[in-house]
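Here is the file target.cif (mmCIF, C-alpha atoms and all ligand atoms).
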data_upload
#
loop_
_atom_site.label_atom_id
_atom_site.label_comp_id
_atom_site.auth_asym_id
_atom_site.auth_seq_id
_atom_site.Cartn_x
_atom_site.Cartn_y
_atom_site.Cartn_z
CA MET A 1 103.56 105.37 98.38
CA SER A 2 104.06 104.84 94.65
CA LEU A 3 101.34 107.26 93.61
CA ALA A 4 103.66 109.71 91.87
CA VAL A 5 106.13 108.69 89.17
CA MET A 6 109.22 110.72 88.23
CA GLN A 7 109.46 111.80 84.59
CA LYS A 8 111.67 114.29 82.76
CA ASP A 9 109.48 117.19 83.81
CA GLY A 10 109.14 116.03 87.39
CA LEU A 11 106.64 113.94 89.31
CA HIS A 12 103.46 112.84 87.60
CA VAL A 13 100.24 111.44 88.96
CA GLU A 14 98.70 109.37 86.20
CA GLY A 15 99.15 111.47 83.04
CA VAL A 16 99.49 114.83 84.74
CA ALA A 17 102.62 116.71 85.88
CA LEU A 18 102.33 117.99 89.43
CA THR A 19 103.96 121.25 88.33
CA GLU A 20 100.89 121.80 86.15
CA VAL A 21 98.56 121.16 89.09
CA ALA A 22 100.46 123.68 91.21
CA ALA A 23 100.49 126.26 88.42
CA ARG A 24 96.75 125.97 87.86
CA PHE A 25 95.43 125.56 91.39
CA GLY A 26 98.17 126.88 93.67
CA THR A 27 99.45 125.29 96.86
CA PRO A 28 98.85 123.79 99.33
CA CYS A 29 96.80 121.41 97.24
CA TYR A 30 95.66 117.84 97.81
CA VAL A 31 96.00 115.64 94.73
CA TYR A 32 94.19 112.31 94.39
CA SER A 33 94.32 109.66 91.71
CA ARG A 34 91.12 108.01 90.56
CA ALA A 35 93.13 105.04 89.28
CA ALA A 36 94.79 104.58 92.67
CA LEU A 37 91.43 104.74 94.48
CA THR A 38 90.02 102.19 92.08
CA ALA A 39 93.06 99.92 92.47
CA ALA A 40 92.85 100.03 96.27
CA TYR A 41 89.18 99.09 96.18
CA ALA A 42 89.92 96.30 93.68
CA ALA A 43 92.68 94.94 95.94
CA TYR A 44 90.19 94.63 98.80
CA ARG A 45 87.57 93.04 96.56
CA ASP A 46 90.10 90.64 95.01
CA ALA A 47 91.23 89.53 98.46
CA LEU A 48 87.60 88.68 99.28
CA GLN A 49 87.21 86.98 95.92
CA ALA A 50 90.22 84.77 96.59
CA HIS A 51 88.34 83.32 99.56
CA GLY A 52 85.05 83.02 97.68
CA LEU A 53 83.58 85.80 99.82
CA ALA A 54 83.17 88.71 97.38
CA ASP A 55 79.55 87.96 96.48
CA ARG A 56 78.29 88.13 100.01
CA SER A 57 80.49 90.98 101.20
CA LEU A 58 79.81 94.68 101.47
CA ILE A 59 82.81 97.00 101.53
CA CYS A 60 81.69 100.08 103.44
CA TYR A 61 84.27 102.81 102.88
CA ALA A 62 84.89 104.66 106.17
CA VAL A 63 83.89 108.17 105.15
CA LYS A 64 85.87 109.81 107.95
CA ALA A 65 89.14 109.03 106.18
CA ASN A 66 88.30 111.41 103.34
CA SER A 67 84.79 112.68 102.84
CA ASN A 68 85.15 114.70 99.64
CA LEU A 69 82.08 114.10 97.46
CA ALA A 70 84.16 113.11 94.44
CA ILE A 71 85.96 110.42 96.45
CA LEU A 72 82.66 109.10 97.82
CA ASN A 73 81.23 109.15 94.31
CA VAL A 74 84.14 107.12 92.90
CA PHE A 75 83.49 104.45 95.53
CA ALA A 76 79.70 104.60 95.07
CA ARG A 77 80.20 103.91 91.36
CA LEU A 78 82.35 100.91 92.26
CA GLY A 79 79.43 99.55 94.30
CA ALA A 80 80.79 100.36 97.75
CA GLY A 81 78.73 100.96 100.83
CA PHE A 82 79.76 103.50 103.46
CA ASP A 83 80.62 103.51 107.15
CA ILE A 84 79.51 106.81 108.66
CA VAL A 85 79.86 108.36 112.10
CA SER A 86 77.57 111.39 111.87
CA GLY A 87 74.52 112.86 110.23
CA GLY A 88 76.89 115.07 108.28
CA GLU A 89 78.58 112.06 106.75
CA LEU A 90 75.19 110.53 105.89
CA ALA A 91 74.24 113.72 104.05
CA ARG A 92 77.54 113.62 102.15
CA VAL A 93 77.05 109.99 101.12
CA ILE A 94 73.59 110.73 99.78
CA ALA A 95 74.77 113.91 98.03
CA ALA A 96 77.56 111.88 96.40
CA GLY A 97 75.14 109.30 95.00
CA GLY A 98 75.78 106.61 97.63
CA ALA A 99 73.04 104.12 98.46
CA ALA A 100 71.56 104.64 101.94
CA ASP A 101 70.75 100.96 102.22
CA LYS A 102 74.48 100.20 102.06
CA VAL A 103 75.34 102.52 104.96
CA VAL A 104 76.40 101.38 108.41
CA PHE A 105 76.38 103.98 111.18
CA SER A 106 79.18 103.69 113.77
CA GLY A 107 80.09 105.94 116.69
CA VAL A 108 79.72 106.12 120.46
CA GLY A 109 77.53 109.21 120.65
CA LYS A 110 74.85 109.32 117.96
CA SER A 111 72.32 112.06 118.64
CA ARG A 112 68.58 111.46 118.39
CA VAL A 113 68.45 113.79 115.40
CA GLU A 114 71.11 111.70 113.66
CA MET A 115 69.30 108.48 114.56
CA ARG A 116 66.07 109.79 113.06
CA ALA A 117 67.76 110.96 109.86
CA ALA A 118 69.42 107.58 109.40
CA LEU A 119 66.15 105.71 110.06
CA GLU A 120 64.32 107.87 107.56
CA ALA A 121 67.05 107.37 104.97
CA GLY A 122 66.73 103.60 105.46
CA ILE A 123 70.32 102.69 106.32
CA HIS A 124 71.59 99.12 106.39
CA CYS A 125 72.50 99.03 110.07
CA PHE A 126 73.28 100.97 113.24
CA ASN A 127 76.43 99.80 114.99
CA VAL A 128 75.26 100.32 118.56
CA GLU A 129 77.96 100.87 121.15
CA SER A 130 76.13 100.88 124.51
CA ALA A 131 72.97 99.82 126.36
CA SER A 132 71.86 103.45 126.60
CA GLU A 133 72.28 104.00 122.90
CA LEU A 134 70.15 100.91 122.27
CA ALA A 135 67.39 102.26 124.50
CA GLN A 136 67.49 105.69 122.86
CA LEU A 137 67.48 104.20 119.38
CA SER A 138 64.50 102.02 120.25
CA GLU A 139 62.60 105.10 121.44
CA VAL A 140 63.46 107.14 118.36
CA ALA A 141 62.53 104.25 116.06
CA GLY A 142 59.20 103.91 117.88
CA SER A 143 58.51 107.61 117.47
CA VAL A 144 58.89 107.38 113.70
CA GLY A 145 57.11 104.04 113.45
CA ARG A 146 60.11 101.99 112.33
CA ARG A 147 62.30 99.17 113.54
CA ALA A 148 65.95 100.06 113.69
CA PRO A 149 68.34 97.51 112.15
CA VAL A 150 71.06 96.93 114.73
CA SER A 151 74.45 95.36 115.24
CA LEU A 152 76.18 95.58 118.56
CA ARG A 153 79.73 96.83 118.28
CA VAL A 154 81.53 94.52 120.64
CA ASN A 155 84.85 95.32 122.20
CA PRO A 156 86.86 92.10 122.00
CA ASP A 157 89.67 93.28 124.31
CA VAL A 158 92.36 92.63 121.75
CA ASP A 159 95.49 94.76 121.61
CA ALA A 160 95.81 96.16 118.09
CA ARG A 161 99.41 97.18 118.77
CA THR A 162 99.12 100.52 117.01
CA HIS A 163 99.34 104.18 118.12
CA PRO A 164 97.32 104.52 121.37
CA TYR A 165 95.19 107.33 119.90
CA ILE A 166 93.95 105.03 117.13
CA SER A 167 93.68 101.80 119.12
CA THR A 168 90.05 101.06 119.93
CA GLY A 169 89.71 97.39 120.84
CA LEU A 170 90.99 97.32 124.41
CA LYS A 171 88.75 97.16 127.47
CA SER A 172 90.08 100.56 128.49
CA ALA A 173 88.76 102.20 125.29
CA LYS A 174 85.49 104.12 125.12
CA PHE A 175 84.40 102.01 122.16
CA GLY A 176 81.95 99.17 121.94
CA VAL A 177 80.01 96.98 124.32
CA ALA A 178 82.22 95.02 126.73
CA PHE A 179 82.61 91.53 125.36
CA GLY A 180 81.30 89.89 128.52
CA GLU A 181 78.11 91.97 128.45
CA ALA A 182 77.30 91.57 124.77
CA PHE A 183 75.36 88.30 125.00
CA ASP A 184 72.88 89.69 127.55
CA LEU A 185 72.50 92.93 125.66
CA TYR A 186 71.68 90.96 122.50
CA ARG A 187 68.93 89.16 124.41
CA ARG A 188 67.51 92.48 125.55
CA ALA A 189 67.79 93.93 122.07
CA ALA A 190 65.97 90.97 120.56
CA ALA A 191 63.04 91.62 122.88
CA LEU A 192 62.68 95.32 122.02
CA PRO A 193 59.75 96.02 119.67
CA HIS A 194 61.46 98.75 117.65
CA ILE A 195 64.82 97.03 117.28
CA ALA A 196 65.62 94.45 114.62
CA VAL A 197 68.79 92.56 115.56
CA LYS A 198 70.75 92.14 112.32
CA GLY A 199 74.40 91.68 112.99
CA ILE A 200 77.54 92.12 114.99
CA ASP A 201 80.37 94.61 114.58
CA CYS A 202 83.92 94.99 115.78
CA HIS A 203 86.73 97.43 114.97
CA ILE A 204 89.91 97.24 117.01
CA GLY A 205 92.01 100.09 115.66
CA SER A 206 93.65 101.71 112.72
CA GLN A 207 96.96 101.48 110.82
CA LEU A 208 97.36 97.81 111.71
CA LEU A 209 100.23 96.20 109.85
CA ASP A 210 100.17 92.84 111.62
CA PRO A 211 97.15 90.71 110.64
CA ALA A 212 97.16 88.72 113.89
CA PRO A 213 95.09 91.05 116.12
CA ALA A 214 92.27 91.33 113.55
CA ALA A 215 92.23 87.54 113.15
CA GLU A 216 92.13 87.13 116.92
CA ALA A 217 89.20 89.56 117.16
CA ALA A 218 87.40 87.68 114.37
CA ASP A 219 87.76 84.44 116.35
CA LYS A 220 86.10 86.01 119.37
CA VAL A 221 83.33 87.54 117.29
CA LEU A 222 82.59 84.28 115.49
CA ALA A 223 82.41 82.39 118.77
CA LEU A 224 79.84 84.90 120.01
CA VAL A 225 77.85 84.65 116.76
CA ASP A 226 77.64 80.89 117.20
CA ARG A 227 76.67 81.19 120.84
CA LEU A 228 73.91 83.64 119.91
CA ALA A 229 72.66 81.33 117.16
CA ALA A 230 72.44 78.49 119.68
CA ALA A 231 70.32 80.77 121.85
CA GLY A 232 67.95 81.48 118.95
CA ILE A 233 69.44 84.83 117.87
CA ALA A 234 70.57 84.28 114.28
CA LEU A 235 72.61 87.17 112.91
CA GLU A 236 72.45 88.10 109.24
CA HIS A 237 75.78 89.88 108.98
CA ILE A 238 79.21 90.11 110.54
CA ASP A 239 81.05 93.44 110.33
CA LEU A 240 84.78 93.19 110.99
CA GLY A 241 85.53 96.90 110.77
CA GLY A 242 88.46 98.54 109.06
CA GLY A 243 91.99 99.14 110.25
CA MET A 244 94.26 97.68 107.58
CA GLY A 245 97.47 99.70 107.58
CA ILE A 246 99.33 101.23 104.67
CA GLN A 247 102.95 101.89 103.87
CA TYR A 248 104.01 105.36 105.00
CA ARG A 249 107.80 104.99 105.09
CA ALA A 250 109.77 103.96 102.05
CA ASP A 251 111.65 101.43 104.18
CA GLU A 252 108.59 100.09 106.04
CA PRO A 253 107.30 96.68 105.01
CA ALA A 254 103.53 96.84 104.60
CA PRO A 255 101.37 93.84 103.77
CA THR A 256 99.26 93.69 100.63
CA ALA A 257 95.49 93.60 101.12
CA SER A 258 95.44 89.89 100.36
CA ALA A 259 98.22 89.11 102.85
CA TYR A 260 96.71 91.26 105.58
CA LEU A 261 93.17 89.95 105.15
CA ALA A 262 93.96 86.27 104.52
CA PRO A 263 94.15 85.04 108.15
CA MET A 264 90.84 86.73 108.97
CA LEU A 265 89.10 85.69 105.75
CA ALA A 266 90.17 82.08 106.14
CA LYS A 267 87.95 81.96 109.23
CA LEU A 268 84.94 83.27 107.33
CA GLU A 269 84.92 80.84 104.42
CA GLY A 270 81.85 78.66 104.28
CA ARG A 271 79.75 80.77 106.63
CA ARG A 272 76.33 81.95 105.55
CA GLU A 273 76.26 85.49 106.97
CA GLN A 274 76.83 88.60 104.89
CA LEU A 275 80.26 90.09 105.61
CA VAL A 276 80.77 93.81 106.08
CA PHE A 277 84.10 95.64 106.17
CA GLU A 278 84.82 99.27 107.01
CA PRO A 279 88.18 100.16 105.43
CA GLY A 280 89.11 103.81 105.34
CA ARG A 281 92.84 104.52 105.20
CA SER A 282 93.70 101.52 103.02
CA LEU A 283 91.34 102.74 100.27
CA VAL A 284 92.50 106.36 100.12
CA GLY A 285 95.75 106.86 102.03
CA ASN A 286 98.18 106.13 99.25
CA ALA A 287 95.87 107.54 96.59
CA GLY A 288 96.55 111.10 97.70
CA LEU A 289 99.40 113.53 98.28
CA LEU A 290 99.73 117.08 99.47
CA LEU A 291 101.55 119.52 97.20
CA THR A 292 103.35 122.40 98.84
CA HIS A 293 105.88 125.10 97.94
CA VAL A 294 108.98 125.92 99.93
CA ALA A 295 108.34 129.46 101.16
CA VAL A 296 111.44 130.25 103.19
CA LEU A 297 114.73 128.49 103.93
CA LYS A 298 116.07 129.24 107.34
CA PRO A 299 119.46 127.72 108.04
CA GLY A 300 120.23 127.76 111.74
CA GLU A 301 122.99 126.87 114.15
CA GLU A 302 121.31 123.72 115.39
CA LYS A 303 118.71 123.01 112.77
CA HIS A 304 117.89 124.05 109.24
CA PHE A 305 114.27 124.87 108.67
CA ALA A 306 112.37 124.70 105.41
CA VAL A 307 109.15 126.62 105.92
CA VAL A 308 106.58 125.38 103.42
CA ASP A 309 103.13 126.76 102.62
CA ALA A 310 101.31 123.70 104.01
CA ALA A 311 100.99 123.40 107.77
CA MET A 312 99.57 121.39 110.63
CA ASN A 313 96.13 122.78 109.85
CA ASP A 314 96.33 121.12 106.42
CA LEU A 315 97.88 117.83 107.55
CA MET A 316 97.58 117.26 111.26
CA ARG A 317 98.93 113.71 111.47
CA PRO A 318 102.60 114.57 112.14
CA ALA A 319 101.69 117.02 114.93
CA LEU A 320 99.03 114.79 116.45
CA TYR A 321 100.55 111.32 116.20
CA ASP A 322 104.17 112.06 115.35
CA ALA A 323 103.26 110.36 112.08
CA TRP A 324 105.78 109.99 109.27
CA HIS A 325 104.96 111.07 105.72
CA GLU A 326 107.57 110.81 102.98
CA ILE A 327 108.41 114.24 101.53
CA VAL A 328 109.87 114.28 98.03
CA PRO A 329 110.85 117.02 95.57
CA VAL A 330 108.46 117.35 92.63
CA SER A 331 111.04 118.63 90.22
CA ALA A 332 114.78 118.65 89.84
CA THR A 333 114.50 122.12 88.31
CA LYS A 334 114.94 124.91 90.81
CA VAL A 335 112.42 127.71 90.48
CA GLY A 336 112.42 131.17 92.05
CA ALA A 337 115.64 130.69 93.98
CA GLY A 338 115.38 134.17 95.43
CA GLY A 339 116.63 133.91 98.98
CA THR A 340 119.13 131.49 100.38
CA ALA A 341 119.91 128.97 97.69
CA VAL A 342 121.28 125.70 98.95
CA ASP A 343 122.50 123.27 96.35
CA THR A 344 123.94 120.52 98.49
CA PRO A 345 121.63 118.21 100.41
CA MET A 346 120.99 119.32 103.95
CA ASN A 347 119.12 117.95 106.89
CA TYR A 348 115.88 119.90 107.19
CA GLU A 349 112.99 120.29 109.54
CA ILE A 350 110.02 120.68 107.21
CA VAL A 351 107.68 123.06 109.00
CA GLY A 352 104.62 125.16 108.26
CA PRO A 353 103.87 128.82 108.95
CA VAL A 354 101.58 128.15 111.94
CA CYS A 355 102.58 129.65 115.26
CA GLU A 356 103.29 126.43 117.16
CA SER A 357 106.47 124.44 117.59
CA GLY A 358 104.34 121.36 116.95
CA ASP A 359 103.70 122.62 113.44
CA PHE A 360 105.97 120.28 111.55
CA LEU A 361 105.38 118.01 108.59
CA GLY A 362 108.63 116.09 108.79
CA HIS A 363 111.78 115.94 110.91
CA ASP A 364 115.30 115.26 109.70
CA ARG A 365 114.70 115.16 105.96
CA VAL A 366 117.79 115.18 103.80
CA LEU A 367 116.86 117.25 100.77
CA THR A 368 118.37 119.69 98.29
CA LEU A 369 116.08 122.66 98.49
CA ASN A 370 115.66 126.14 97.11
CA GLU A 371 112.96 128.60 97.93
CA GLY A 372 110.07 128.15 95.52
CA ASP A 373 110.64 124.42 95.12
CA LEU A 374 107.60 122.19 94.97
CA LEU A 375 107.40 119.26 97.36
CA ALA A 376 104.97 116.35 97.55
CA ILE A 377 103.99 115.02 100.95
CA LEU A 378 103.02 111.43 100.28
CA SER A 379 100.40 109.07 101.69
CA ALA A 380 98.18 112.02 102.54
CA GLY A 381 94.89 110.78 101.09
CA ALA A 382 93.54 109.50 104.42
CA TYR A 383 92.89 111.70 107.47
CA GLY A 384 94.58 114.62 105.72
CA MET A 385 91.97 117.01 104.35
CA ALA A 386 89.34 115.29 106.51
CA MET A 387 91.10 116.57 109.64
CA ALA A 388 92.14 119.95 108.24
CA SER A 389 91.12 123.11 110.08
CA ASN A 390 91.24 126.85 109.64
CA TYR A 391 93.67 127.35 112.52
CA ASN A 392 95.52 130.66 112.18
CA SER A 393 92.71 131.71 109.80
CA ARG A 394 94.26 129.72 107.01
CA PRO A 395 91.88 128.87 104.16
CA ARG A 396 91.73 125.12 103.63
CA ALA A 397 93.63 123.74 100.64
CA ALA A 398 92.23 123.03 97.20
CA GLU A 399 91.65 119.40 96.25
CA VAL A 400 92.00 117.95 92.77
CA MET A 401 91.47 114.51 91.34
CA ILE A 402 93.51 113.24 88.44
CA ASP A 403 91.73 110.87 86.07
CA GLY A 404 94.06 109.82 83.26
CA ASN A 405 95.16 113.04 81.57
CA ASP A 406 92.37 115.11 83.15
CA ILE A 407 92.56 117.27 86.25
CA HIS A 408 89.28 117.86 88.08
CA LEU A 409 89.02 120.49 90.79
CA ILE A 410 86.96 118.66 93.43
CA ARG A 411 87.12 121.35 96.11
CA ARG A 412 88.20 124.88 95.42
CA ARG A 413 90.49 126.64 97.84
CA GLU A 414 88.58 128.48 100.56
CA MET A 415 88.58 132.26 100.42
CA VAL A 416 89.41 134.36 103.46
CA PRO A 417 86.00 136.11 103.74
CA GLU A 418 84.40 132.66 103.94
CA LEU A 419 86.35 131.97 107.09
CA PHE A 420 84.40 134.54 109.08
CA ALA A 421 81.19 134.64 107.06
CA LEU A 422 79.26 132.88 109.87
CA GLU A 423 80.48 135.30 112.55
CA SER A 424 79.05 138.61 113.70
CA VAL A 425 80.16 141.48 115.88
CA LEU A 426 78.08 142.77 118.78
CA PRO A 427 75.45 145.41 117.98
N1 LIG B 501 85.36 101.81 111.46
C1 LIG B 501 85.39 102.48 112.62
C2 LIG B 501 84.34 102.24 113.60
C3 LIG B 501 86.43 103.38 112.88
O1 LIG B 501 86.45 104.02 114.04
C4 LIG B 501 87.43 103.60 111.90
C5 LIG B 501 88.52 104.56 112.13
C6 LIG B 501 87.34 102.89 110.70
C7 LIG B 501 86.31 101.98 110.52
C8 LIG B 501 88.34 103.05 109.59
O2 LIG B 501 89.61 102.62 109.98
P1 LIG B 501 90.80 102.60 108.93
O3 LIG B 501 90.50 101.53 107.91
O4 LIG B 501 90.88 103.92 108.31
O5 LIG B 501 91.98 102.28 109.72
N2 LIG B 501 92.97 110.02 112.36
C9 LIG B 501 93.72 108.80 112.56
C10 LIG B 501 92.90 107.56 112.29
C11 LIG B 501 91.64 107.49 113.10
C12 LIG B 501 90.84 106.26 112.82
C13 LIG B 501 89.52 106.34 113.47
N3 LIG B 501 88.63 105.25 113.20
C14 LIG B 501 94.98 108.86 111.69
O6 LIG B 501 95.18 109.85 111.00
O7 LIG B 501 95.79 107.95 111.71
#
Just give me the structure of the file as structure tokens.
Ligand code: LLP
Amino acid sequence: MSLAVMQKDGLHVEGVALTEVAARFGTPCYVYSRAALTAAYAAYRDALQAHGLADRSLICYAVKANSNLAILNVFARLGAGFDIVSGGELARVIAAGGAADKVVFSGVGKSRVEMRAALEAGIHCFNVESASELAQLSEVAGSVGRRAPVSLRVNPDVDARTHPYISTGLKSAKFGVAFGEAFDLYRRAAALPHIAVKGIDCHIGSQLLDPAPAAEAADKVLALVDRLAAAGIALEHIDLGGGMGIQYRADEPAPTASAYLAPMLAKLEGRREQLVFEPGRSLVGNAGLLLTHVAVLKPGEEKHFAVVDAAMNDLMRPALYDAWHEIVPVSATKVGAGGTAVDTPMNYEIVGPVCESGDFLGHDRVLTLNEGDLLAILSAGAYGMAMASNYNSRPRAAEVMIDGNDIHLIRRREMVPELFALESVLP
């Protein structure tokens, strides 16, 4: 939330004015801070350190949260591993300089092609989510003459108490091996010639602000690890997934990494297994914002609309989850007040140009706006650009990373001809 700091010439990220970013790269534009990414990673690492766990832990950044190569590269340089869910993400990690042997591969529907690519790259572990996947992986590993390193992703049937779309740890979810079936599946896995049983994995959901469900899941996982050890199946690592929530609303209390992780980490002290974590949102969410210009002000009888140049295709979270992102003016200076100038604060619906009523970025925002004003949509570093689309044939936004006083363009804005370059008309 505190990524941007107000100065005389408006909001700054690190040493750079956002007005300068908009002038150079246009809007909509995602802006990330290298310092904020680094600080978020350090907070996770420090929390592990406080429990004496840093040396035997691997923080695998969940690539799906934001897969830009520059972001992956920043984490690779910090020593992170990566949690991937597709062959595409594996290719990105490798292209960004990530180490394949620090990659864990999650997901309920890995294809055989993806399995082979990951085996050939030599990843750390497959997080296997079903008996069928285990059988397929064993076959693929046999066909390339390797043993696949495997964890079972168990579903601990714990209610993460988050948005239902991002809650994954209940029995009713498609994710993971049912807790009651995991022990037997481990026994079968241990007997398969092309499978090397390495660990256990669990991820119960995302945007969790209460540490209790993750701690409860850890208890269940640890009990299973001990039961497996007693049966002669000694696991080398325990992967407790991601899910730590971040502060989206200015008035929302969000735990620090150390406070959120403490109850879970307390249970892991003194164990001998390697620990793996898969944080996504908490490493990037508050390290990014989306810059947008006010295109049109449309006062109405019931509602006042501010149509901005970013839309649901750029940031889908409000439309999809009714998610809240703070929206703040970048500058007190009004620019290009051509149309309806409004100088007193008004209650606005902040909407995009896409042809859907669900295309909103924020409801009921009290702001003083003029056409041409720059706005920053905060906490947009996670699941923002990663979920962007070309709906309405809108080129995807540019992305820049601020590093001190430097601005790096890390993805140029798409150009319209690129949007249909892969298409062809009938002969
Ligand atoms: N590991 C697995 C297996 C996951 O499925 C996820 C997220 C993560 C790790 C990372 O979780 P995080 O630390 O980011 O909470 N698009 C949604 C979030 C979807 C999360 C999907 N899985 C949103 O915008 O809120």
Could I get the residue neighbourhood of ligand LIG 501 (chain B) at 6 Å, counting only C-alpha atoms and all ligand atoms, as an mmCIF file with C-alpha atoms, in the frame of the given file?
data_model
loop_
_atom_site.group_PDB
_atom_site.id
_atom_site.type_symbol
_atom_site.label_atom_id
_atom_site.label_comp_id
_atom_site.auth_asym_id
_atom_site.auth_seq_id
_atom_site.Cartn_x
_atom_site.Cartn_y
_atom_site.Cartn_z
ATOM 1 C CA ALA A 62 84.890 104.660 106.170
ATOM 2 C CA ALA A 65 89.140 109.030 106.180
ATOM 3 C CA SER A 106 79.180 103.690 113.770
ATOM 4 C CA ILE A 166 93.950 105.030 117.130
ATOM 5 C CA HIS A 203 86.730 97.430 114.970
ATOM 6 C CA SER A 206 93.650 101.710 112.720
ATOM 7 C CA GLN A 207 96.960 101.480 110.820
ATOM 8 C CA GLY A 241 85.530 96.900 110.770
ATOM 9 C CA GLY A 242 88.460 98.540 109.060
ATOM 10 C CA GLY A 243 91.990 99.140 110.250
ATOM 11 C CA MET A 244 94.260 97.680 107.580
ATOM 12 C CA GLU A 278 84.820 99.270 107.010
ATOM 13 C CA PRO A 279 88.180 100.160 105.430
ATOM 14 C CA GLY A 280 89.110 103.810 105.340
ATOM 15 C CA ARG A 281 92.840 104.520 105.200
ATOM 16 C CA SER A 282 93.700 101.520 103.020
ATOM 17 C CA ARG A 317 98.930 113.710 111.470
ATOM 18 C CA TYR A 383 92.890 111.700 107.470
#
Rank A:Ala215, A:Val108, A:Leu90, A:Leu134 by their smallest atom-to-atom distance to Val158 in chain A, using all atoms listed in the file, and report the top residue only.
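Among A:Ala215, A:Val108, A:Leu90, A:Leu134, it is A:Ala215 that comes nearest to Val158 in chain A.
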Choose the residue, out of A:Asp219, A:Gln247, A:Asn370, A:Ala262, that has the smallest atom-to-atom separation from Val307 in chain A; count only C-alpha atoms.
A:Asn370
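Residue nearest Glu326 in chain A, chosen from A:Ala380, A:Val308, A:Ala141, A:Leu297 and counting all atoms listed in the file: A:Ala380.
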Rounded to one decimal in Å, what is the spacing between CA of Cys355 in chain A and CA of Arg413 in chain A?
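Between these atoms lies a distance of 21.4 Å.
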Here is a test: counting all atoms listed in the file, which residue of A:Ala254, A:Ile59, A:Val103, A:Ala50 is nearest to Leu119 in chain A?
A:Val103
With distances taken over only C-alpha atoms, which of A:Gly98, A:Pro417, A:Gly88, A:Gly52 is nearest to Ile71 in chain A?
A:Gly98
Neighbour list for Val177 in chain A as a JSON list (two decimals) with C-alpha atoms, in the frame of the given file, cut-off 6 Å, all atoms listed in the file, skip fewer than 2 positions in-chain:
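See part_30.json below for the written result:
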[["chain", "number", "residue", "atom", "x", "y", "z"],
["A", 129, "GLU", "CA", 77.96, 100.87, 121.15],
["A", 130, "SER", "CA", 76.13, 100.88, 124.51],
["A", 154, "VAL", "CA", 81.53, 94.52, 120.64],
["A", 155, "ASN", "CA", 84.85, 95.32, 122.20]]
Give me, as a count of residues only, all polymer residues having an atom no more than 10 Å from Pro353 in chain A, counting only C-alpha atoms and skipping those fewer than 4 positions away in the same chain.
13
Calculated over all atoms listed in the file, which of the candidates A:Arg45, A:His12, A:Lys303, A:Arg116 has the smallest distance to Pro329 in chain A?
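Selected residue with least distance to Pro329 in chain A: A:His12.
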Would you mind listing what lies within 9 Å of Val221 in chain A as JSON, numbers by chain, with only C-alpha atoms counted and same-chain residues fewer than 3 positions away left out?
{"A": [154, 156, 200, 201, 202, 216, 217, 218, 224, 225, 226, 238, 240]}
In Å, with one decimal, what is the gap from CA of Asp406 in chain A to CA of Ala96 in chain A?
20.1 Å
Have range 55-63 of chain A completed to N, CA, C and O atoms, please, and pass it along as a PDB file, keeping the file's coordinate frame.
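Dumped to result.pdb:
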ATOM      1  N   ASP A  55      80.968  87.819  96.790  1.00  0.00           N
ATOM      2  CA  ASP A  55      79.550  87.960  96.480  1.00  0.00           C
ATOM      3  C   ASP A  55      78.680  88.258  97.692  1.00  0.00           C
ATOM      4  O   ASP A  55      77.606  88.809  97.571  1.00  0.00           O
ATOM      5  N   ARG A  56      79.129  87.835  98.837  1.00  0.00           N
ATOM      6  CA  ARG A  56      78.290  88.130 100.010  1.00  0.00           C
ATOM      7  C   ARG A  56      78.962  89.114 100.962  1.00  0.00           C
ATOM      8  O   ARG A  56      78.704  89.130 102.152  1.00  0.00           O
ATOM      9  N   SER A  57      79.820  89.960 100.386  1.00  0.00           N
ATOM     10  CA  SER A  57      80.490  90.980 101.200  1.00  0.00           C
ATOM     11  C   SER A  57      80.050  92.374 100.786  1.00  0.00           C
ATOM     12  O   SER A  57      79.726  92.611  99.627  1.00  0.00           O
ATOM     13  N   LEU A  58      80.071  93.267 101.741  1.00  0.00           N
ATOM     14  CA  LEU A  58      79.810  94.680 101.470  1.00  0.00           C
ATOM     15  C   LEU A  58      80.995  95.465 102.013  1.00  0.00           C
ATOM     16  O   LEU A  58      81.296  95.399 103.211  1.00  0.00           O
ATOM     17  N   ILE A  59      81.693  96.170 101.104  1.00  0.00           N
ATOM     18  CA  ILE A  59      82.810  97.000 101.530  1.00  0.00           C
ATOM     19  C   ILE A  59      82.266  98.399 101.794  1.00  0.00           C
ATOM     20  O   ILE A  59      81.845  99.093 100.864  1.00  0.00           O
ATOM     21  N   CYS A  60      82.231  98.764 103.062  1.00  0.00           N
ATOM     22  CA  CYS A  60      81.690 100.080 103.440  1.00  0.00           C
ATOM     23  C   CYS A  60      82.866 101.019 103.710  1.00  0.00           C
ATOM     24  O   CYS A  60      83.491 100.965 104.780  1.00  0.00           O
ATOM     25  N   TYR A  61      83.157 101.860 102.743  1.00  0.00           N
ATOM     26  CA  TYR A  61      84.270 102.810 102.880  1.00  0.00           C
ATOM     27  C   TYR A  61      84.023 103.719 104.095  1.00  0.00           C
ATOM     28  O   TYR A  61      82.950 104.315 104.234  1.00  0.00           O
ATOM     29  N   ALA A  62      85.017 103.815 104.976  1.00  0.00           N
ATOM     30  CA  ALA A  62      84.890 104.660 106.170  1.00  0.00           C
ATOM     31  C   ALA A  62      85.066 106.123 105.770  1.00  0.00           C
ATOM     32  O   ALA A  62      86.182 106.608 105.550  1.00  0.00           O
ATOM     33  N   VAL A  63      83.948 106.819 105.697  1.00  0.00           N
ATOM     34  CA  VAL A  63      83.890 108.170 105.150  1.00  0.00           C
ATOM     35  C   VAL A  63      84.835 109.128 105.871  1.00  0.00           C
ATOM     36  O   VAL A  63      85.397 110.051 105.284  1.00  0.00           O
TER      37      VAL A  63
END
